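Heads up, my_file-v9.tsv below (TSV, C-alpha atoms and all ligand atoms):
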chain	number	residue	atom	x	y	z
A	1	ALA	CA	86.57	-107.82	-20.82
A	2	CYS	CA	88.47	-107.22	-17.62
A	3	LYS	CA	87.14	-103.65	-17.41
A	4	ASP	CA	83.60	-104.91	-17.97
A	5	LEU	CA	83.94	-107.42	-15.15
A	6	LEU	CA	85.32	-104.76	-12.83
A	7	ASN	CA	82.45	-102.41	-13.63
A	8	ARG	CA	79.90	-105.17	-13.11
A	9	SER	CA	81.34	-106.11	-9.75
A	10	ARG	CA	81.40	-102.41	-8.70
A	11	ARG	CA	77.77	-102.08	-9.76
A	12	GLU	CA	76.71	-105.17	-7.83
A	13	LYS	CA	78.61	-104.04	-4.76
A	14	SER	CA	77.07	-100.61	-4.78
A	15	THR	CA	73.59	-102.09	-5.25
A	16	ALA	CA	74.09	-104.37	-2.28
A	17	GLU	CA	75.45	-101.64	-0.03
A	18	SER	CA	73.41	-98.66	-1.12
A	19	PRO	CA	70.49	-97.68	1.07
A	20	CYS	CA	68.67	-96.87	-2.20
A	21	ASN	CA	68.64	-100.10	-4.12
A	22	GLY	CA	66.43	-100.30	-7.15
A	23	SER	CA	62.97	-98.94	-6.56
A	24	ALA	CA	63.13	-99.07	-2.75
A	25	ALA	CA	64.45	-95.88	-1.20
A	26	ARG	CA	64.00	-97.05	2.39
A	27	PRO	CA	67.21	-98.35	3.91
A	28	GLY	CA	67.42	-102.02	4.74
A	29	PRO	CA	64.53	-104.50	4.56
A	30	PRO	CA	62.91	-104.98	7.99
A	31	ALA	CA	63.12	-108.45	9.57
A	32	ILE	CA	60.27	-110.98	9.42
A	33	VAL	CA	57.75	-110.28	12.18
A	34	GLU	CA	54.89	-112.22	13.79
A	35	GLY	CA	51.43	-111.33	12.47
A	36	ILE	CA	49.97	-107.95	11.64
A	37	GLU	CA	50.81	-106.76	15.19
A	38	GLY	CA	54.45	-107.00	14.16
A	39	CYS	CA	53.84	-104.31	11.53
A	40	ILE	CA	53.09	-101.69	14.18
A	41	GLY	CA	55.66	-99.07	15.17
A	42	ASN	CA	59.17	-98.33	13.89
A	43	THR	CA	57.75	-95.96	11.31
A	44	PRO	CA	60.06	-93.86	9.11
A	45	LEU	CA	61.01	-90.30	10.01
A	46	PHE	CA	61.50	-88.24	6.89
A	47	ARG	CA	62.47	-84.69	5.96
A	48	ILE	CA	59.68	-82.68	4.42
A	49	LYS	CA	61.75	-81.15	1.66
A	50	SER	CA	59.61	-78.16	0.73
A	51	LEU	CA	58.98	-76.96	4.29
A	52	SER	CA	62.60	-77.50	5.31
A	53	ASP	CA	63.96	-75.66	2.28
A	54	GLU	CA	61.53	-72.76	2.73
A	55	THR	CA	62.07	-72.27	6.47
A	56	GLY	CA	65.79	-73.10	6.78
A	57	CYS	CA	64.86	-75.51	9.57
A	58	GLU	CA	64.81	-79.25	9.28
A	59	ILE	CA	61.14	-80.23	9.47
A	60	LEU	CA	60.87	-83.97	10.03
A	61	ALA	CA	57.70	-86.04	9.85
A	62	LYS	CA	57.00	-89.29	11.66
A	63	ALA	CA	55.10	-91.37	9.08
A	64	GLU	CA	52.51	-92.85	11.40
A	65	PHE	CA	50.16	-93.60	8.49
A	66	LEU	CA	52.58	-96.47	7.76
A	67	ASN	CA	51.59	-98.41	10.86
A	68	GLY	CA	50.51	-101.69	9.35
A	69	ALA	CA	47.26	-102.70	11.05
A	70	GLY	CA	44.84	-99.75	10.95
A	71	GLN	CA	47.26	-97.43	9.13
A	72	SER	CA	47.44	-94.69	11.73
A	73	SER	CA	49.22	-93.75	14.94
A	74	LYS	CA	46.33	-95.37	16.78
A	75	ASP	CA	47.67	-98.85	16.03
A	76	ARG	CA	50.20	-98.35	18.81
A	77	VAL	CA	47.49	-97.32	21.26
A	78	ALA	CA	45.03	-100.05	20.30
A	79	LEU	CA	47.68	-102.75	20.72
A	80	SER	CA	48.79	-101.29	24.04
A	81	MET	CA	45.22	-101.12	25.43
A	82	ILE	CA	44.40	-104.67	24.31
A	83	GLU	CA	47.64	-106.12	25.66
A	84	MET	CA	47.17	-104.40	29.01
A	85	ALA	CA	43.60	-105.72	29.28
A	86	GLU	CA	44.83	-109.21	28.41
A	87	GLU	CA	47.55	-109.00	31.06
A	88	GLN	CA	44.95	-107.95	33.62
A	89	GLY	CA	42.66	-110.81	32.61
A	90	ILE	CA	39.95	-108.43	31.40
A	91	LEU	CA	40.11	-109.78	27.84
A	92	THR	CA	40.70	-113.35	26.73
A	93	PRO	CA	41.31	-114.10	23.04
A	94	HIS	CA	38.72	-116.26	21.24
A	95	SER	CA	36.35	-116.14	24.22
A	96	GLY	CA	33.58	-114.06	22.64
A	97	ASP	CA	34.70	-110.89	24.46
A	98	THR	CA	33.82	-107.63	22.76
A	99	ILE	CA	35.95	-104.47	22.65
A	100	TYR	CA	33.88	-101.28	22.83
A	101	GLU	CA	35.25	-97.84	22.02
A	102	GLY	CA	34.15	-94.28	21.43
A	103	THR	CA	36.32	-92.87	18.65
A	104	SER	CA	36.48	-90.39	15.81
A	105	GLY	CA	37.42	-93.41	13.73
A	106	SER	CA	41.16	-94.13	13.74
A	107	THR	CA	41.26	-95.87	17.11
A	108	GLY	CA	38.19	-97.84	16.14
A	109	ILE	CA	39.80	-99.01	12.90
A	110	SER	CA	42.97	-100.09	14.72
A	111	LEU	CA	40.95	-101.86	17.43
A	112	ALA	CA	38.68	-103.58	14.90
A	113	THR	CA	41.69	-104.80	12.92
A	114	LEU	CA	43.48	-106.14	15.98
A	115	ALA	CA	40.21	-107.61	17.29
A	116	ARG	CA	40.10	-109.72	14.14
A	117	ALA	CA	43.73	-110.73	14.54
A	118	LYS	CA	43.27	-111.72	18.17
A	119	GLY	CA	39.79	-113.22	18.20
A	120	TYR	CA	37.53	-110.53	19.65
A	121	LEU	CA	34.45	-108.69	18.46
A	122	ALA	CA	34.57	-104.92	18.08
A	123	HIS	CA	31.72	-102.49	18.70
A	124	ILE	CA	32.58	-98.94	17.72
A	125	CYS	CA	30.62	-95.77	18.56
A	126	MET	CA	31.54	-92.70	16.54
A	127	PRO	CA	30.03	-89.28	15.86
A	128	SER	CA	27.97	-89.32	12.67
A	129	ASP	CA	29.68	-86.22	11.26
A	130	GLN	CA	33.02	-87.95	10.79
A	131	ALA	CA	34.14	-89.01	7.30
A	132	ILE	CA	31.95	-91.87	6.03
A	133	GLU	CA	34.93	-93.85	4.69
A	134	LYS	CA	35.97	-94.56	8.28
A	135	SER	CA	32.68	-96.20	9.25
A	136	ASN	CA	32.53	-98.02	5.89
A	137	LEU	CA	35.95	-99.45	6.59
A	138	LEU	CA	34.86	-100.52	10.08
A	139	LEU	CA	31.92	-102.41	8.60
A	140	LYS	CA	34.23	-104.18	6.15
A	141	LEU	CA	36.33	-105.27	9.12
A	142	GLY	CA	33.21	-106.81	10.65
A	143	ALA	CA	32.86	-104.32	13.49
A	144	ILE	CA	29.48	-103.27	14.79
A	145	VAL	CA	29.23	-99.55	14.17
A	146	ASP	CA	27.02	-97.02	15.95
A	147	ARG	CA	27.10	-93.64	14.25
A	148	VAL	CA	25.66	-91.36	16.93
A	149	PRO	CA	24.66	-87.71	16.53
A	150	PRO	CA	27.48	-85.42	17.72
A	151	ALA	CA	26.92	-84.52	21.38
A	152	PRO	CA	29.17	-83.11	24.10
A	153	ILE	CA	30.75	-85.39	26.69
A	154	VAL	CA	28.34	-84.22	29.40
A	155	GLU	CA	25.45	-85.83	27.52
A	156	LYS	CA	24.40	-89.44	27.85
A	157	ASP	CA	24.27	-89.98	24.09
A	158	ASN	CA	27.82	-88.80	23.49
A	159	PHE	CA	29.76	-91.48	21.55
A	160	VAL	CA	32.17	-92.16	24.42
A	161	ASN	CA	29.40	-92.47	27.03
A	162	ARG	CA	27.47	-94.76	24.74
A	163	ALA	CA	30.43	-97.12	24.26
A	164	ARG	CA	31.02	-97.24	28.03
A	165	ALA	CA	27.35	-97.97	28.78
A	166	LEU	CA	27.16	-100.74	26.16
A	167	ALA	CA	30.30	-102.41	27.53
A	168	GLN	CA	28.95	-102.27	31.07
A	169	ALA	CA	25.61	-103.69	29.96
A	170	GLN	CA	27.28	-106.60	28.18
A	171	THR	CA	29.53	-107.42	31.12
A	172	ALA	CA	26.55	-107.25	33.50
A	173	SER	CA	24.44	-109.56	31.35
A	174	SER	CA	27.27	-112.03	30.76
A	175	SER	CA	28.09	-112.29	34.46
A	176	ALA	CA	24.44	-112.48	35.48
A	177	ASP	CA	23.86	-115.40	33.18
A	178	PRO	CA	26.90	-116.75	31.36
A	179	THR	CA	24.71	-118.64	28.90
A	180	GLN	CA	22.85	-115.52	27.84
A	181	SER	CA	23.83	-113.91	24.57
A	182	VAL	CA	23.46	-110.36	23.34
A	183	VAL	CA	22.87	-110.09	19.62
A	184	GLY	CA	24.74	-107.30	17.86
A	185	SER	CA	23.25	-105.07	15.20
A	186	ASN	CA	24.94	-107.15	12.50
A	187	ASP	CA	23.51	-110.35	13.89
A	188	ARG	CA	26.66	-111.72	15.39
A	189	THR	CA	26.37	-113.18	18.85
A	190	LYS	CA	28.18	-111.55	21.73
A	191	SER	CA	28.59	-114.15	24.40
A	192	GLY	CA	31.58	-112.89	26.37
A	193	ARG	CA	32.39	-109.81	28.44
A	194	GLY	CA	32.42	-106.22	27.29
A	195	PHE	CA	35.68	-104.28	27.52
A	196	PHE	CA	35.53	-100.48	27.25
A	197	ALA	CA	38.95	-99.53	25.84
A	198	ASP	CA	38.55	-95.88	26.92
A	199	GLN	CA	41.38	-94.26	24.94
A	200	PHE	CA	40.76	-90.84	26.53
A	201	GLU	CA	41.30	-91.99	30.10
A	202	ASN	CA	43.24	-95.24	29.68
A	203	GLU	CA	46.92	-94.65	30.49
A	204	ALA	CA	47.96	-97.53	28.23
A	205	ASN	CA	47.49	-94.85	25.53
A	206	TRP	CA	50.25	-92.39	26.48
A	207	ARG	CA	52.44	-95.29	27.57
A	208	ALA	CA	52.40	-96.65	23.99
A	209	HIS	CA	53.96	-93.38	22.82
A	210	TYR	CA	56.30	-93.24	25.83
A	211	LEU	CA	57.57	-96.73	25.00
A	212	GLY	CA	57.38	-96.51	21.19
A	213	THR	CA	57.03	-93.19	19.39
A	214	GLY	CA	59.24	-91.20	21.79
A	215	PRO	CA	62.24	-93.57	21.84
A	216	GLU	CA	61.97	-94.03	18.06
A	217	VAL	CA	62.08	-90.27	17.44
A	218	TYR	CA	65.02	-89.88	19.81
A	219	ALA	CA	66.98	-92.69	18.12
A	220	GLN	CA	66.11	-91.54	14.59
A	221	CYS	CA	67.31	-88.01	15.45
A	222	ASP	CA	70.41	-89.23	17.27
A	223	GLY	CA	69.14	-87.24	20.22
A	224	GLN	CA	69.27	-83.98	18.23
A	225	LEU	CA	65.97	-82.13	18.07
A	226	ASP	CA	64.74	-78.72	19.14
A	227	ALA	CA	60.97	-79.00	18.99
A	228	PHE	CA	58.23	-81.63	18.91
A	229	VAL	CA	54.85	-80.58	17.50
A	230	ALA	CA	51.62	-82.59	17.80
A	231	GLY	CA	47.88	-82.14	18.12
A	232	ALA	CA	45.86	-83.69	20.91
A	233	GLY	CA	42.72	-85.78	20.50
A	234	THR	CA	43.14	-87.83	23.61
A	235	GLY	CA	46.52	-86.23	24.41
A	236	GLY	CA	48.26	-89.62	24.38
A	237	THR	CA	50.79	-88.79	21.64
A	238	ILE	CA	51.96	-85.45	22.98
A	239	ALA	CA	52.04	-86.64	26.60
A	240	GLY	CA	53.83	-89.92	25.93
A	241	VAL	CA	56.44	-88.43	23.59
A	242	ALA	CA	57.02	-85.40	25.86
A	243	ARG	CA	57.42	-87.60	28.93
A	244	PHE	CA	60.07	-89.64	27.16
A	245	LEU	CA	61.96	-86.80	25.46
A	246	LYS	CA	61.90	-83.99	28.04
A	247	PRO	CA	64.08	-85.64	30.70
A	248	LEU	CA	66.65	-86.41	28.00
A	249	LEU	CA	66.36	-83.05	26.25
A	250	PRO	CA	65.44	-80.40	28.81
A	251	LYS	CA	65.69	-77.62	26.20
A	252	LEU	CA	63.21	-79.30	23.86
A	253	THR	CA	60.15	-77.17	23.05
A	254	VAL	CA	56.96	-79.24	23.06
A	255	VAL	CA	54.22	-77.58	21.04
A	256	LEU	CA	50.52	-78.33	20.87
A	257	ALA	CA	48.97	-77.91	17.40
A	258	ASP	CA	45.34	-77.11	18.07
A	259	PRO	CA	42.48	-76.79	15.56
A	260	GLN	CA	39.98	-73.94	15.71
A	261	GLY	CA	37.35	-74.31	18.43
A	262	SER	CA	39.46	-76.49	20.71
A	263	GLY	CA	39.95	-75.32	24.28
A	264	LEU	CA	43.43	-76.77	24.77
A	265	TYR	CA	45.18	-73.80	23.12
A	266	ASN	CA	43.96	-71.54	25.89
A	267	ARG	CA	44.79	-74.14	28.51
A	268	VAL	CA	48.41	-74.19	27.34
A	269	ARG	CA	48.80	-70.47	26.63
A	270	TYR	CA	46.87	-69.00	29.56
A	271	GLY	CA	46.39	-71.90	31.95
A	272	VAL	CA	42.62	-71.70	31.67
A	273	MET	CA	40.27	-73.88	29.70
A	274	PHE	CA	37.89	-71.30	28.24
A	275	ASP	CA	34.81	-73.01	26.95
A	276	LEU	CA	34.73	-71.57	23.47
A	277	ARG	CA	31.46	-73.29	22.73
A	278	GLU	CA	29.39	-71.32	25.20
A	279	ARG	CA	27.58	-68.59	23.40
A	280	GLU	CA	25.62	-65.64	24.81
A	281	GLY	CA	22.38	-66.78	26.40
A	282	THR	CA	23.05	-70.49	26.21
A	283	ARG	CA	24.75	-72.80	28.65
A	284	ARG	CA	24.58	-75.74	26.28
A	285	ARG	CA	28.06	-77.03	25.56
A	286	ARG	CA	28.70	-77.58	21.90
A	287	GLN	CA	30.89	-79.85	19.85
A	288	ILE	CA	34.06	-78.30	18.46
A	289	ASP	CA	33.33	-76.52	15.20
A	290	THR	CA	36.01	-77.74	12.78
A	291	ILE	CA	36.34	-80.06	9.79
A	292	VAL	CA	39.56	-81.42	11.27
A	293	GLU	CA	39.09	-84.96	12.60
A	294	GLY	CA	40.86	-86.65	15.48
A	295	ILE	CA	42.30	-83.66	17.33
A	296	GLY	CA	40.92	-80.78	19.36
A	297	ILE	CA	39.08	-81.18	22.62
A	298	ASN	CA	37.47	-79.08	25.32
A	299	ARG	CA	38.42	-80.99	28.42
A	300	VAL	CA	41.59	-82.22	30.07
A	301	THR	CA	41.59	-86.00	29.67
A	302	ALA	CA	43.77	-88.28	31.79
A	303	ASN	CA	46.07	-88.69	28.79
A	304	PHE	CA	46.53	-84.94	28.26
A	305	GLU	CA	46.91	-84.50	32.01
A	306	ALA	CA	49.81	-86.97	31.95
A	307	GLY	CA	51.89	-84.52	29.92
A	308	LYS	CA	50.25	-81.14	30.25
A	309	GLU	CA	53.00	-79.58	32.37
A	310	LEU	CA	55.51	-80.52	29.66
A	311	VAL	CA	53.75	-78.63	26.86
A	312	ASP	CA	55.55	-75.31	26.38
A	313	ASP	CA	53.65	-73.62	23.60
A	314	ALA	CA	50.55	-73.89	21.43
A	315	VAL	CA	49.65	-72.86	17.88
A	316	ARG	CA	46.04	-72.46	16.80
A	317	VAL	CA	45.33	-73.54	13.24
A	318	THR	CA	42.13	-72.67	11.36
A	319	ASP	CA	40.39	-75.04	8.95
A	320	ALA	CA	41.39	-72.79	6.04
A	321	GLN	CA	45.04	-72.95	7.09
A	322	ALA	CA	44.91	-76.75	7.43
A	323	LEU	CA	43.35	-77.06	3.96
A	324	ALA	CA	45.99	-74.77	2.43
A	325	MET	CA	48.81	-76.75	4.05
A	326	ALA	CA	47.33	-80.10	2.94
A	327	ARG	CA	47.18	-78.85	-0.67
A	328	TRP	CA	50.72	-77.46	-0.42
A	329	LEU	CA	52.15	-80.81	0.71
A	330	VAL	CA	50.58	-82.64	-2.23
A	331	GLU	CA	51.59	-79.95	-4.67
A	332	LYS	CA	55.23	-79.64	-3.61
A	333	ASP	CA	56.14	-82.96	-2.02
A	334	GLY	CA	53.58	-85.58	-3.10
A	335	ILE	CA	52.58	-86.06	0.54
A	336	PHE	CA	48.86	-86.88	0.86
A	337	ILE	CA	47.79	-86.59	4.48
A	338	GLY	CA	44.72	-86.26	6.69
A	339	SER	CA	43.43	-83.17	8.42
A	340	SER	CA	45.18	-83.54	11.78
A	341	SER	CA	48.53	-84.03	10.03
A	342	ALA	CA	47.93	-80.83	8.07
A	343	VAL	CA	47.32	-78.98	11.34
A	344	ASN	CA	50.57	-80.41	12.71
A	345	CYS	CA	52.56	-79.32	9.64
A	346	PHE	CA	51.12	-75.80	9.69
A	347	ALA	CA	52.05	-75.47	13.35
A	348	ALA	CA	55.53	-76.89	12.65
A	349	VAL	CA	56.15	-74.12	10.11
A	350	LYS	CA	54.97	-71.47	12.59
A	351	ILE	CA	57.39	-72.84	15.19
A	352	ALA	CA	60.20	-72.96	12.61
A	353	MET	CA	59.64	-69.26	11.99
A	354	LYS	CA	59.59	-68.54	15.70
A	355	LEU	CA	62.78	-70.48	16.43
A	356	GLY	CA	64.61	-69.26	13.31
A	357	PRO	CA	66.71	-71.19	10.76
A	358	GLY	CA	68.97	-74.06	11.78
A	359	HIS	CA	66.60	-75.85	14.15
A	360	ARG	CA	65.22	-79.35	13.89
A	361	ILE	CA	61.50	-79.80	14.37
A	362	VAL	CA	59.72	-83.15	14.50
A	363	THR	CA	56.01	-83.56	13.86
A	364	VAL	CA	53.56	-86.41	13.29
A	365	LEU	CA	51.62	-87.50	10.20
A	366	SER	CA	48.89	-89.47	11.96
A	367	ASP	CA	46.95	-90.80	8.99
A	368	SER	CA	46.58	-90.64	5.22
A	369	GLY	CA	44.39	-88.34	3.16
A	370	SER	CA	42.50	-91.35	1.83
A	371	ARG	CA	40.66	-91.48	5.20
A	372	HIS	CA	39.40	-87.96	4.57
A	373	LEU	CA	38.26	-87.91	0.93
A	374	SER	CA	34.58	-87.25	1.59
A	375	ARG	CA	34.99	-84.43	4.11
A	376	PHE	CA	38.33	-82.63	4.51
A	377	TRP	CA	39.63	-83.36	1.01
A	378	ALA	CA	36.21	-82.64	-0.50
A	379	LYS	CA	36.68	-79.11	0.84
A	380	ALA	CA	40.35	-78.95	-0.18
A	381	GLY	CA	39.42	-79.74	-3.77
A	382	ASP	CA	41.79	-81.16	-6.36
A	383	VAL	CA	45.31	-79.87	-6.49
A	384	GLY	CA	45.83	-78.30	-9.92
A	385	GLY	CA	48.42	-79.34	-12.50
A	386	ALA	CA	50.60	-76.28	-13.04
A	387	VAL	CA	51.06	-74.85	-9.60
A	388	ASP	CA	53.26	-72.21	-8.10
A	389	THR	CA	51.86	-71.55	-4.62
A	390	ARG	CA	54.22	-69.69	-2.29
A	391	LEU	CA	54.53	-70.64	1.37
A	392	GLU	CA	53.79	-67.07	2.40
A	393	ASP	CA	50.38	-67.45	0.68
A	394	VAL	CA	49.68	-70.56	2.74
A	395	LEU	CA	50.69	-68.74	5.93
A	396	LYS	CA	48.54	-65.71	5.05
A	397	VAL	CA	45.31	-67.76	4.85
A	401	LIG	N1	45.17	-87.63	14.33
A	401	LIG	C1	44.17	-88.49	14.14
A	401	LIG	C2	43.68	-88.75	12.75
A	401	LIG	C3	43.57	-89.11	15.23
A	401	LIG	O1	42.55	-89.96	15.05
A	401	LIG	C4	44.04	-88.81	16.52
A	401	LIG	C5	43.43	-89.47	17.72
A	401	LIG	N2	42.10	-89.20	17.97
A	401	LIG	C6	45.06	-87.89	16.69
A	401	LIG	C7	45.63	-87.34	15.56
A	401	LIG	C8	45.52	-87.41	18.04
A	401	LIG	O2	46.26	-88.26	18.77
A	401	LIG	P1	46.09	-88.36	20.36
A	401	LIG	O3	44.78	-89.03	20.63
A	401	LIG	O4	47.24	-89.19	20.75
A	401	LIG	O5	46.12	-87.01	20.96
Serialized structure, structure tokens:
Amino acid sequence: ACKDLLNRSRREKSTAESPCNGSAARPGPPAIVEGIEGCIGNTPLFRIKSLSDETGCEILAKAEFLNGAGQSSKDRVALSMIEMAEEQGILTPHSGDTIYEGTSGSTGISLATLARAKGYLAHICMPSDQAIEKSNLLLKLGAIVDRVPPAPIVEKDNFVNRARALAQAQTASSSADPTQSVVGSNDRTKSGRGFFADQFENEANWRAHYLGTGPEVYAQCDGQLDAFVAGAGTGGTIAGVARFLKPLLPKLTVVLADPQGSGLYNRVRYGVMFDLREREGTRRRRQIDTIVEGIGINRVTANFEAGKELVDDAVRVTDAQALAMARWLVEKDGIFIGSSSAVNCFAAVKIAMKLGPGHRIVTVLSDSGSRHLSRFWAKAGDVGGAVDTRLEDVLKV
């Protein structure tokens, strides 16, 4: 009986102390927080087992799809932009103010979620070729959604320009006649001001990563990392993290993971932004030709500008390579991610091979594959049952 008691007490002790107690493998329950905003940030950093074992490097992933409001890295940015606007008196909760944004979807979803939490309306403009589940989700959140035909930034109808113009029009009409209302396409009344969040140019974007993502990565790695790899949609993630980490780790290699068709790769590698969209005989600037959503751009935004001198290297990743990597991560690790995360992981492997075994590389998993079922994952197909893909096959694609 004595032995039994001793064993029981040992078992209870180890359950209480173990970071892996019962079904939860994450160490320590987080404290109680205030509202859904409190569920943003402090995301786990985990070792991607297959890629680390294969490359001899430690490839670590920041699980940004676990941000609790809109379930992507954009939660940090949306909260930062809203809080800055509130501090400046541009937005007032529960006043009928509307947040406008041009977005490939993730930022819109984070803004629409936080708009609900804080008492604003959200009006989101996004290119119509982005995955339909993102605009469906926005509608469920009660946002007004404009799906606009894809058009380059120089054109009036571009999704970003449209969001800006609508915000300006609302602010003008509300200040001209405060009693006048503008009726949204889903019949809700917009009576307040219009705020254009402007994630591409708004510096509250990179600052969110400078104050959050960067310090978290540094702490989670105990200051030990050799490379940071991320794509750029607005440039906020790579700029904010690089600005935080580089002064502390001057030898850190910051790498841009760039999808096919984006001009940033050439900007980083050769210092020139070649316009890859200009074809013989036409001056018309085209959209980037890729199925990857959220990253890749053909201009230097204020947010990329904020960190562009800190980016040391770039890896170009084709759609086929991103698809192969996304399938690999499901097959080997049970990690189901979106297209931009697949680009990041492919580039992380390339950098691991360049640096050689023994290095630690951190990358970002911006959102989940469930945001990409109808487009990216429709192309990736189902991952088979009995599988024995080799990493060299993924890299050969
Ligand atoms: N992945 C996804 C899915 C995104 O929506 C975005 C932002 N557009 C990014 C990555 C890129 O992040 P950033 O804007 O900070 O460059």
What are the closest atom pairs, with distances in Å to one decimal, for each residue of chain A lying within 9 Å of ligand LIG 401 (chain A), using only C-alpha atoms and all ligand atoms, rows by chain and rising residue number, as CSV?
residue,atom,partner,partner_atom,distance
A:Ser72,CA,A:LIG401,C2,7.1
A:Ser73,CA,A:LIG401,C3,7.3
A:Lys74,CA,A:LIG401,C5,6.6
A:Val77,CA,A:LIG401,O4,8.1
A:Thr103,CA,A:LIG401,N2,6.9
A:Ser104,CA,A:LIG401,O1,6.1
A:Gly105,CA,A:LIG401,O1,6.3
A:Ser106,CA,A:LIG401,O1,4.6
A:Thr107,CA,A:LIG401,O1,6.4
A:Gln199,CA,A:LIG401,O3,7.6
A:Phe200,CA,A:LIG401,O3,7.4
A:Asn205,CA,A:LIG401,O4,7.4
A:Trp206,CA,A:LIG401,O4,7.2
A:His209,CA,A:LIG401,O4,8.2
A:Ala230,CA,A:LIG401,O5,7.7
A:Gly231,CA,A:LIG401,C8,5.8
A:Ala232,CA,A:LIG401,O5,3.3
A:Gly233,CA,A:LIG401,O5,3.6
A:Thr234,CA,A:LIG401,O3,3.6
A:Gly235,CA,A:LIG401,O5,3.6
A:Gly236,CA,A:LIG401,O4,3.8
A:Thr237,CA,A:LIG401,O4,3.7
A:Ile238,CA,A:LIG401,O5,6.4
A:Ala239,CA,A:LIG401,O4,8.0
A:Gly240,CA,A:LIG401,O4,8.4
A:Val292,CA,A:LIG401,C2,8.5
A:Glu293,CA,A:LIG401,C2,6.0
A:Gly294,CA,A:LIG401,C3,3.7
A:Ile295,CA,A:LIG401,C8,5.0
A:Gly296,CA,A:LIG401,C8,8.2
A:Asn303,CA,A:LIG401,O5,8.0
A:Phe304,CA,A:LIG401,O5,7.6
A:Gly338,CA,A:LIG401,C2,6.6
A:Ser339,CA,A:LIG401,C2,7.1
A:Ser340,CA,A:LIG401,N1,4.8
A:Ser341,CA,A:LIG401,N1,6.5
A:Asn344,CA,A:LIG401,C7,9.0
A:Val364,CA,A:LIG401,C7,8.3
A:Leu365,CA,A:LIG401,N1,7.7
A:Ser366,CA,A:LIG401,N1,4.8
A:Asp367,CA,A:LIG401,C2,5.4
A:Ser368,CA,A:LIG401,C2,8.3
A:Arg371,CA,A:LIG401,C2,8.6
message: List as a ChimeraX atom specification the protein and nucleic acid residues near Ala342 in chain A, meaning an atom at most 10 Å away when all atoms listed in the file are counted, but skip any in the same chain fewer than 6 places from it.
response: /A:257,292,317,319,321-329,336,348,364-366,369
- request: Identify the residues within 9 Å of coordinate (33.6, -111.7, 25.0) (same frame as the file), considering only C-alpha atoms, and give the answer as a ChimeraX atom specification.
  value: /A:91-99,120-121,170-171,174,190-195
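With all atoms listed in the file as the basis for measurement, A:Pro250 is the residue among A:Pro152, A:Pro250, A:Gly70, A:Pro29 that approaches Ala227 in chain A most closely.
The two atoms in question, CA of Arg207 in chain A and CA of Ile337 in chain A, are spaced 25.1 Å apart.
In terms of minimum interatomic distance to Phe376 in chain A, A:Gln130 ranks closest within A:Thr301, A:Gln130, A:Thr363, A:Asn202, counting all atoms listed in the file.
Contact shell of Arg243 in chain A at 8 Å (all atoms listed in the file; same-chain neighbours under 2 positions omitted): A:Tyr210, A:Ala239, A:Gly240, A:Val241, A:Leu245, A:Lys246, A:Pro247, A:Gly307, A:Leu310.
If all atoms listed in the file are the atoms counted, then among A:Val330, A:Leu395, A:Ala242, A:Ala378 the closest residue to Ile48 in chain A is A:Val330.
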task: Show me as a ChimeraX atom specification the residues that reach within 6 Å of (42.4, -79.5, 22.8), counting all atoms listed in the file and using the file's own coordinates.
output: /A:232,262-264,296-298
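Pairwise distance (CA of Arg316 in chain A, CA of Asn158 in chain A) equals 25.4 Å.
The space between CA of Ser110 in chain A and CA of Ala69 in chain A spans 6.2 Å.
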Dump of range 117-134 of chain A from preceding block, C-alpha atoms, as an mmCIF file, in the first residue's frame:
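Contents of part30.cif, as written:
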data_model
loop_
_atom_site.group_PDB
_atom_site.id
_atom_site.type_symbol
_atom_site.label_atom_id
_atom_site.label_comp_id
_atom_site.auth_asym_id
_atom_site.auth_seq_id
_atom_site.Cartn_x
_atom_site.Cartn_y
_atom_site.Cartn_z
ATOM 1 C CA ALA A 117 -15.184 43.875 -30.618
ATOM 2 C CA LYS A 118 -14.679 47.628 -30.430
ATOM 3 C CA GLY A 119 -17.872 48.993 -31.940
ATOM 4 C CA TYR A 120 -16.976 50.023 -35.487
ATOM 5 C CA LEU A 121 -18.217 49.108 -38.937
ATOM 6 C CA ALA A 122 -15.819 47.531 -41.415
ATOM 7 C CA HIS A 123 -15.809 48.037 -45.177
ATOM 8 C CA ILE A 124 -13.322 45.797 -46.944
ATOM 9 C CA CYS A 125 -12.158 46.043 -50.570
ATOM 10 C CA MET A 126 -10.367 42.990 -51.925
ATOM 11 C CA PRO A 127 -9.357 41.653 -55.338
ATOM 12 C CA SER A 128 -11.985 39.263 -56.674
ATOM 13 C CA ASP A 129 -9.425 36.562 -57.497
ATOM 14 C CA GLN A 130 -8.605 35.849 -53.859
ATOM 15 C CA ALA A 131 -9.981 32.718 -52.178
ATOM 16 C CA ILE A 132 -13.764 33.003 -51.757
ATOM 17 C CA GLU A 133 -13.691 31.670 -48.175
ATOM 18 C CA LYS A 134 -12.052 34.927 -47.082
#
